[in-house]
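Have a look at the structure below before the remarks.
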Amino acid sequence: MATLLKPLDAAETAREELERWIDATQKKSLLRFITCGSVDDGKSTLIGRLLYDSKMLFEDQLSTLASDSKKQGTQGEALDFALLVDGLAAEREQGITIDVAYRFFATERRKFIVADTPGHEQYTRNMVTGASTADLAVILIDARKGVLTQTKRHSFLVHLLGIRNVVLAVNKMDLVGYDQSAFDRIVEDYAAFAKTAGIGTFTAIPVSGLKGDNITSRSAEIDWYDSPFLLEHLEAVPAAERKAGDEPFRMAVQWVSRPSQNFRGYTGRIASGQVRVGDPISVLPAGRNTFVERIVTFDGDLDQAVAGQSVTLTLTDEIDCSRGDILVAAGERSDAVSRISASLIWMSDEKLVPHRSYWLKVGTQTVSASIDTVQSITDVNTLEISDGNALALNDIGKVVIDLDRAIPGVRYVDNRKLGGFILIDKMTHATVAAGLVDDFPANAVRRAAGPTSTIIWVTGPDRALWAARTAAELKAQRRQVSIIDEEAIAGFPADDPVLTAREAAKLLAAAGVHVLVTIEARPGEAHPGRVVEASNEDNGGGEWVI
Amino acid sequence: MYGLRDKVAAEPGIELLVHRNPEAEKLGINPFDHGPLHTDMWKTEGLKQALDQYGFDAAFGGARRDEEKSRAKERVFSFRDKNHRWDPKNQRPELWSLYNAKKGAKESIRVFPLSNWTELDIWQYIYAEGIEIVPLYLSAPRPTVERDGTLLMVDDERFPLQPGETPVDRSVRFRTLGCYPLTGAVESEATTLAEVIQEMLVATTSERQGRVIDKDGGAASMEKKKQEGYF
């Protein structure tokens with residue numbers, strides 16, 4: 001195979017050649033991908049083929065595989081590659097994949113980690129686990145069966161988890177006589193589904209895992225297809241790490257390093273972008289600005305560092321910054337939020353209990369959280385959306401979550417590492433759900449008066465609805481509430497209606513009335529709550545609510 | 001191995017705690033007379049005793065997913081109950097780089113930071129960073145006997161020879177170091193790190209091929225050991 005690791009000439013210890021080789025290997029990019037498909041789609045055969053053809057299977061493993069295939073295999077006389085990836089006794093016994101298995105292989109151009117994920121609906125949570133770190137998904141379809149319910153479920157989950165490189169591998173082409181029209185029909189069907197599921201683009205490749213067509217080399221049988229074969233495509237897809245380097249700098253603080261009185265550094269792995277000595281940065285959620293003084297590593301100071309590197313930063317100012325805070329490039333605005341709307345994938349046998357307190361781990365911090373409302377549940381098979389108030393195992397729902405303190409708001413679509421979270425049961429300590437931060441309902445809301453009354457600035461598309469609901473809740477608690485809406489603000493003197501609204505709100509608040517101001521943020525002003533923040537410092541400040 | 005371990009601990013001033021299973025010591029459990037029981041008592045039970053005695057929350061290990069098929073299913077943060085048991089069918093889902101480190105009293109977590117490294121990654125790293133290794137990884141003439149297809153090194157008089165066995169000097173090294181003598185050697189001419197890496201590139205057998213313990217209970221041998229608390 002042209003794509004394999006080429007063994008060096010073992011005769012002479014060409015140290016130089018080895019060093020060149022090691023250097024080249026270390027520069028190889030890494031692609032993480034998942035394979036999804038049902039039991040009979042030939043998923044394991046495909047992975048086995050990739051490993052086998054890239055010399056990642058050794059003689060002793062092959063002979064073990066041969067004897068296992070005789071004992072437990074389902075492929076007659078042939079090797080049952082499924083037994084290679086199904087590493088647990090229960091999986092081999094039942095002939096199904098229960099848990100994700102990670103396999104490793106490399107070509108001359110790239111290193112790969114493939115997560116073999118279970119197809120059964122029962123193990124959706126494990127598929128989601130594999131998908132969370134993948135850059136690409138290979139979705140297998142049996143050419144004889146076409147697009148199935150499972151195909152749709154897998155595609156939906158892959159899209160939900162933010163994987164934007166989708167390969168549709170139409171497998172078992174040998175069993176349909178390498179017929180182009182069979183392939184075209186499946187691609188057409190899938191394209192129609194993909195459109196409804198919001199999947200923008202995908203790459204369809206006709207393959208046969210069993211015969212090795214279009215896997216690690218071009219198929220002679222499928223002469224009507226001239227785009228890259230599977231491995232060629234996997235080698236060419238842009239690696240996520242490179243893309244992450246082009247994004248704005250973000251790093252969650254993992255540890256505040258204080259080995260002595262004279263040193264205080266903030267340690268973490270850079271989630272995206274790059275950072276240089278002297279760069280202006282902000283500390284979130286507080287929003288304080290400072291500059292990078294040094295980039296410290298075990299091997300000495302660096303001038304710059306990029307996504308994926310673990311570093312310790314020292315800052316020019318002594319500012320409040322602790323574990324869980326996020327350092328970002330200055331100008332990267334991010335609201336401090338204590339209420340988030342999210343997509344939640346329930347992973348526990350025990351159902352979600354609204355208003356019960358869970359641990360929520362996001363970035364490098366863990367906060368206390370409770371699910372306020374379950375807004376909708378998506379059926380992963382039909383993609384139909386229904387109402388509901390409880391999530392059971394493998395359910396996917398849209399929820400609103402309240403946190404016990406403000407965190408830097410990062411959406412999953414903007415950063416997978418910082419916008420994804422897990423929920424942990426406080427009693428059993430089990431990981432019960434995975435979540436993706438979608439949005440911040442009524443973002444930019446701030447408590448601006450004393451404990452007895454509040455001014456709440458409400459922005460966001462649902463501001464009127466949210467304000468009305470909150471007002472009703474407060475009224476139910478026998479509080480005095482007033483809403484200053486946009487219509488009222490439009491009626492204020494034209495020179496600065498927002499300022500007038502603010503002053504009016506302050507007067508009302510001083511009189512013990514809760515005030516809700518619904519307003520659209522002006523251009524250049526992320527949210528008008530900041531205005532209140534400035535004028536209210538002398539008022540004892542306040543804290544974000546909702 | 002012990003020499004390098006002590007040195008590595010001493011340099012940065014790490015407090016090294018050594019625990020030996022007193023029962024195994026008393027009963028004189030050894031690999032020659034007791035077979036798999038030796039692994040169980042010295043490694044599995046000994047480790048559990050030490051974790052209980054010091055009440056550690058977490059234990060770091062160097063296991064990798066590419067080593068063995070049940071290890072391919074292992075989490076990076078792998079939960080163990082009060083009895084140090086692993087429940088492979090009910091592992092905590094591990095998403096993104098969010099690790100769930102919550103646990104109750106007396107429960108513990110085995111942490112495998114090198115989960116996604118391959119054998120080749122390890123050796124390249126050792127080479128690039130100039131890390132000191134145990135000499136047994138490099139080839140040298142050593143007295144060996146071949147038993148059940150495995151090359152065993154005859155280190156000293158503790159090794160009881162079976163009838164008809166005579167130690168033969170062979171140029172061997174170890175690709176993996178487990179407990180002596182349950183780890184087989186490989187014939188090799190690689191006397192330098194560079195040669196070891198080159199040899200690996202053309203290797204046709206896997207790293208754990210020489211580990212007798214992987215096979216002593218059938219196909220699910222490692223999974224069973226891990227469930228019982230083995231690293």
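How things are named: the first chain in the structure tokens is A, the next is B, and so on; residues count from 1 in each chain; ligands count from 1 in the order shown.
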
>> Env of stretch 40-50 of chain B: 6 Å cut, atoms = only C-alpha atoms, seq-sep filter 5 positions within chain, self excluded. Answer as a PyMOL selection string.
In response: chain B and resi 21+229-230

Write a file of the just-selected residues containing N, CA, C and O atoms, as a CSV table (one decimal), in the first residue's frame.
```csv
chain,number,residue,atom,x,y,z
B,21,ASN,N,2.5,-6.8,49.9
B,21,ASN,CA,1.4,-7.5,50.5
B,21,ASN,C,2.0,-8.4,51.6
B,21,ASN,O,2.7,-9.4,51.2
B,229,GLY,N,-9.6,-5.4,40.1
B,229,GLY,CA,-8.8,-4.3,40.7
B,229,GLY,C,-7.4,-4.2,40.2
B,229,GLY,O,-6.7,-3.4,40.6
B,230,TYR,N,-7.1,-5.1,39.3
B,230,TYR,CA,-5.7,-5.0,38.6
B,230,TYR,C,-5.6,-3.7,37.9
B,230,TYR,O,-6.6,-3.1,37.4
```

> Near stretch 127-138 of chain B, counting only C-alpha atoms, which residues have an atom at most 8 Å away, once you skip same-chain residues fewer than 6 positions from it, shown as JSON, numbers by chain?
Replying inline: {"B": [1, 4, 172, 173, 174, 175, 176, 190, 191, 192, 193, 194, 196]}

Could those residues be written to a file, using C-alpha atoms, as an mmCIF file, in the first residue's frame?
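Result saved to part.cif:
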```
data_model
loop_
_atom_site.group_PDB
_atom_site.id
_atom_site.type_symbol
_atom_site.label_atom_id
_atom_site.label_comp_id
_atom_site.auth_asym_id
_atom_site.auth_seq_id
_atom_site.Cartn_x
_atom_site.Cartn_y
_atom_site.Cartn_z
ATOM 1 C CA MET B 1 13.508 -1.374 37.380
ATOM 2 C CA LEU B 4 15.403 3.626 38.105
ATOM 3 C CA VAL B 172 17.148 -10.266 23.820
ATOM 4 C CA ARG B 173 15.244 -7.255 25.063
ATOM 5 C CA PHE B 174 11.819 -6.566 26.527
ATOM 6 C CA ARG B 175 9.127 -4.607 24.732
ATOM 7 C CA THR B 176 7.096 -4.441 27.911
ATOM 8 C CA ALA B 190 18.502 -3.185 19.081
ATOM 9 C CA THR B 191 21.031 -1.848 21.562
ATOM 10 C CA THR B 192 20.125 1.832 21.193
ATOM 11 C CA LEU B 193 16.886 3.749 21.439
ATOM 12 C CA ALA B 194 17.039 4.602 17.739
ATOM 13 C CA VAL B 196 14.410 0.095 19.174
#
```

Using only C-alpha atoms, determine which residues lie at most 7 Å from stretch 140-155 of chain B, disregarding the query and same-chain residues fewer than 4 positions distant; provide the list as a compact mmCIF listing (two decimals) with all heavy atoms, in the first residue's frame.
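Writing the result to result-v8.txt gives the following:
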```
# COMPACT_ATOMS: atom_id res chain seq x y z
N PHE B 159 15.14 -18.84 39.61
CA PHE B 159 14.45 -19.42 38.46
C PHE B 159 14.66 -20.92 38.40
O PHE B 159 15.75 -21.39 38.07
CB PHE B 159 14.99 -18.75 37.18
CG PHE B 159 14.14 -19.02 35.96
CD1 PHE B 159 13.28 -18.04 35.47
CD2 PHE B 159 14.22 -20.24 35.28
CE1 PHE B 159 12.51 -18.28 34.35
CE2 PHE B 159 13.43 -20.48 34.16
CZ PHE B 159 12.58 -19.49 33.69
N GLU B 165 15.89 -28.39 30.54
CA GLU B 165 16.11 -26.99 30.17
C GLU B 165 17.54 -26.56 30.52
O GLU B 165 18.01 -26.79 31.63
CB GLU B 165 15.14 -26.07 30.90
CG GLU B 165 13.76 -26.02 30.26
CD GLU B 165 12.82 -25.06 30.98
OE1 GLU B 165 13.14 -24.65 32.12
OE2 GLU B 165 11.79 -24.72 30.41
N THR B 166 18.19 -25.93 29.57
CA THR B 166 19.51 -25.34 29.83
C THR B 166 19.47 -23.90 29.35
O THR B 166 19.06 -23.67 28.20
CB THR B 166 20.61 -26.08 29.03
OG1 THR B 166 20.31 -27.48 29.07
CG2 THR B 166 21.98 -25.81 29.59
N PRO B 167 19.85 -22.97 30.23
CA PRO B 167 19.83 -21.57 29.78
C PRO B 167 20.76 -21.36 28.59
O PRO B 167 21.87 -21.87 28.56
CB PRO B 167 20.33 -20.80 31.00
CG PRO B 167 20.10 -21.70 32.15
CD PRO B 167 20.27 -23.09 31.62
N VAL B 168 20.27 -20.63 27.62
CA VAL B 168 21.05 -20.31 26.42
C VAL B 168 21.20 -18.80 26.34
O VAL B 168 20.24 -18.07 26.56
CB VAL B 168 20.32 -20.82 25.15
CG1 VAL B 168 21.11 -20.45 23.89
CG2 VAL B 168 20.08 -22.31 25.23
N ASP B 169 22.40 -18.33 26.06
CA ASP B 169 22.59 -16.88 25.88
C ASP B 169 22.00 -16.43 24.55
O ASP B 169 22.38 -16.92 23.49
CB ASP B 169 24.10 -16.54 25.92
CG ASP B 169 24.52 -16.09 27.30
OD1 ASP B 169 23.66 -16.16 28.22
OD2 ASP B 169 25.67 -15.68 27.48
N ARG B 170 21.06 -15.54 24.64
CA ARG B 170 20.47 -14.99 23.44
C ARG B 170 20.50 -13.47 23.56
O ARG B 170 20.44 -12.91 24.65
CB ARG B 170 19.00 -15.42 23.28
CG ARG B 170 18.79 -16.89 22.95
CD ARG B 170 17.30 -17.13 22.73
NE ARG B 170 17.01 -18.50 22.32
CZ ARG B 170 16.70 -19.48 23.18
NH1 ARG B 170 16.69 -19.25 24.48
NH2 ARG B 170 16.44 -20.69 22.73
N SER B 171 20.55 -12.83 22.39
CA SER B 171 20.49 -11.37 22.39
C SER B 171 19.01 -10.98 22.45
O SER B 171 18.29 -11.11 21.47
CB SER B 171 21.15 -10.84 21.10
OG SER B 171 21.10 -9.44 21.11
N VAL B 172 18.58 -10.55 23.63
CA VAL B 172 17.15 -10.27 23.82
C VAL B 172 16.92 -8.91 24.49
O VAL B 172 17.82 -8.35 25.12
CB VAL B 172 16.46 -11.35 24.69
CG1 VAL B 172 16.45 -12.69 23.99
CG2 VAL B 172 17.12 -11.42 26.06
N ARG B 173 15.69 -8.42 24.32
CA ARG B 173 15.24 -7.26 25.06
C ARG B 173 13.76 -7.43 25.38
O ARG B 173 13.13 -8.39 24.93
CB ARG B 173 15.48 -5.97 24.26
CG ARG B 173 14.67 -5.86 23.00
CD ARG B 173 14.94 -4.52 22.31
NE ARG B 173 13.88 -4.23 21.36
CZ ARG B 173 12.78 -3.56 21.65
NH1 ARG B 173 12.59 -3.11 22.87
NH2 ARG B 173 11.85 -3.34 20.74
N PRO B 181 8.87 -13.76 36.28
CA PRO B 181 9.27 -13.92 34.88
C PRO B 181 8.07 -14.04 33.95
O PRO B 181 8.15 -14.67 32.92
CB PRO B 181 10.03 -15.23 34.91
CG PRO B 181 9.22 -16.05 35.88
CD PRO B 181 8.60 -15.09 36.87
N GLY B 184 7.66 -12.23 28.66
CA GLY B 184 8.62 -12.84 27.75
C GLY B 184 9.49 -11.80 27.07
O GLY B 184 9.09 -10.66 26.87
N ALA B 185 10.70 -12.24 26.72
CA ALA B 185 11.61 -11.35 26.00
C ALA B 185 11.44 -11.56 24.50
O ALA B 185 10.80 -12.50 24.06
CB ALA B 185 13.04 -11.66 26.41
N VAL B 186 11.98 -10.62 23.72
CA VAL B 186 12.01 -10.81 22.27
C VAL B 186 13.46 -10.83 21.82
O VAL B 186 14.30 -10.12 22.37
CB VAL B 186 11.24 -9.70 21.50
CG1 VAL B 186 9.75 -9.85 21.73
CG2 VAL B 186 11.72 -8.32 21.89
N THR B 191 20.33 -2.22 20.34
CA THR B 191 21.03 -1.85 21.56
C THR B 191 20.92 -0.35 21.86
O THR B 191 21.40 0.11 22.88
CB THR B 191 22.52 -2.23 21.48
OG1 THR B 191 23.05 -1.62 20.30
CG2 THR B 191 22.70 -3.73 21.39
N GLY B 210 4.22 -10.83 24.63
CA GLY B 210 5.03 -11.55 25.61
C GLY B 210 4.42 -11.60 27.01
O GLY B 210 5.03 -12.11 27.93
```

> Which parts of stretch 4-231 of chain B does DSSP call alpha helix (DSSP H) when run on the backbone here, written out as an MDAnalysis selection string?
Replying inline: chainID B and resid 4:10 22:27 31:34 36:38 46:54 119:129 193:201 221:228

>> Can you pull out the residues contacting B:Trp117? Cut-off 12 Å, using only C-alpha atoms, and skip same-chain residues under 5 positions away; I want them as a count of residues only.
In response: 21

>> Taking the DSSP secondary structure from the backbone, can you list the residues of stretch 3-230 of chain B that are strand (DSSP E or B), as a PyMOL selection string?
In response: chain B and resi 58-60+77-80+108-111+140-147+150-153+168-173+183+185-187+211+216+218

> Quick one, how far is atom CA of A:Lys506 from atom CA of A:Ala406?
Replying inline: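 We find that atom CA of A:Lys506 and atom CA of A:Ala406 lie 23.4 Å from each other.
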
> Quick one: residues within 12 Å of B:Asp6, only C-alpha atoms counted, chain neighbours fewer than 3 positions away excluded, as a count of residues only?
Replying inline: 14

> Nearest to chain B: which of A:Thr133, A:Ser343, A:Thr45, A:Ser257 is it, counting only C-alpha atoms?
Replying inline: A:Thr133

>> Please report the interatomic distance between atom CA of A:Asp387 and atom CA of A:Val374 in Å with one decimal.
In response: 8.1 Å

>> Need the shell around B:Ser108: protein/DNA/RNA residues with any atom at most 7 Å away, counting only C-alpha atoms. Skip same-chain ones fewer than 4 positions apart. Format as a PyMOL selection string?
In response: chain B and resi 57-58+79-81+103

> So, counting only C-alpha atoms, which residue among A:Leu65, A:Leu50, A:Ala286, A:Val296 is closest to chain B?
Replying inline: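 So, comparing all the options, the nearest one is A:Leu65.
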
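Atom to atom, atom CA of A:Val166 and atom CA of A:Ala204 stand 8.6 Å apart.
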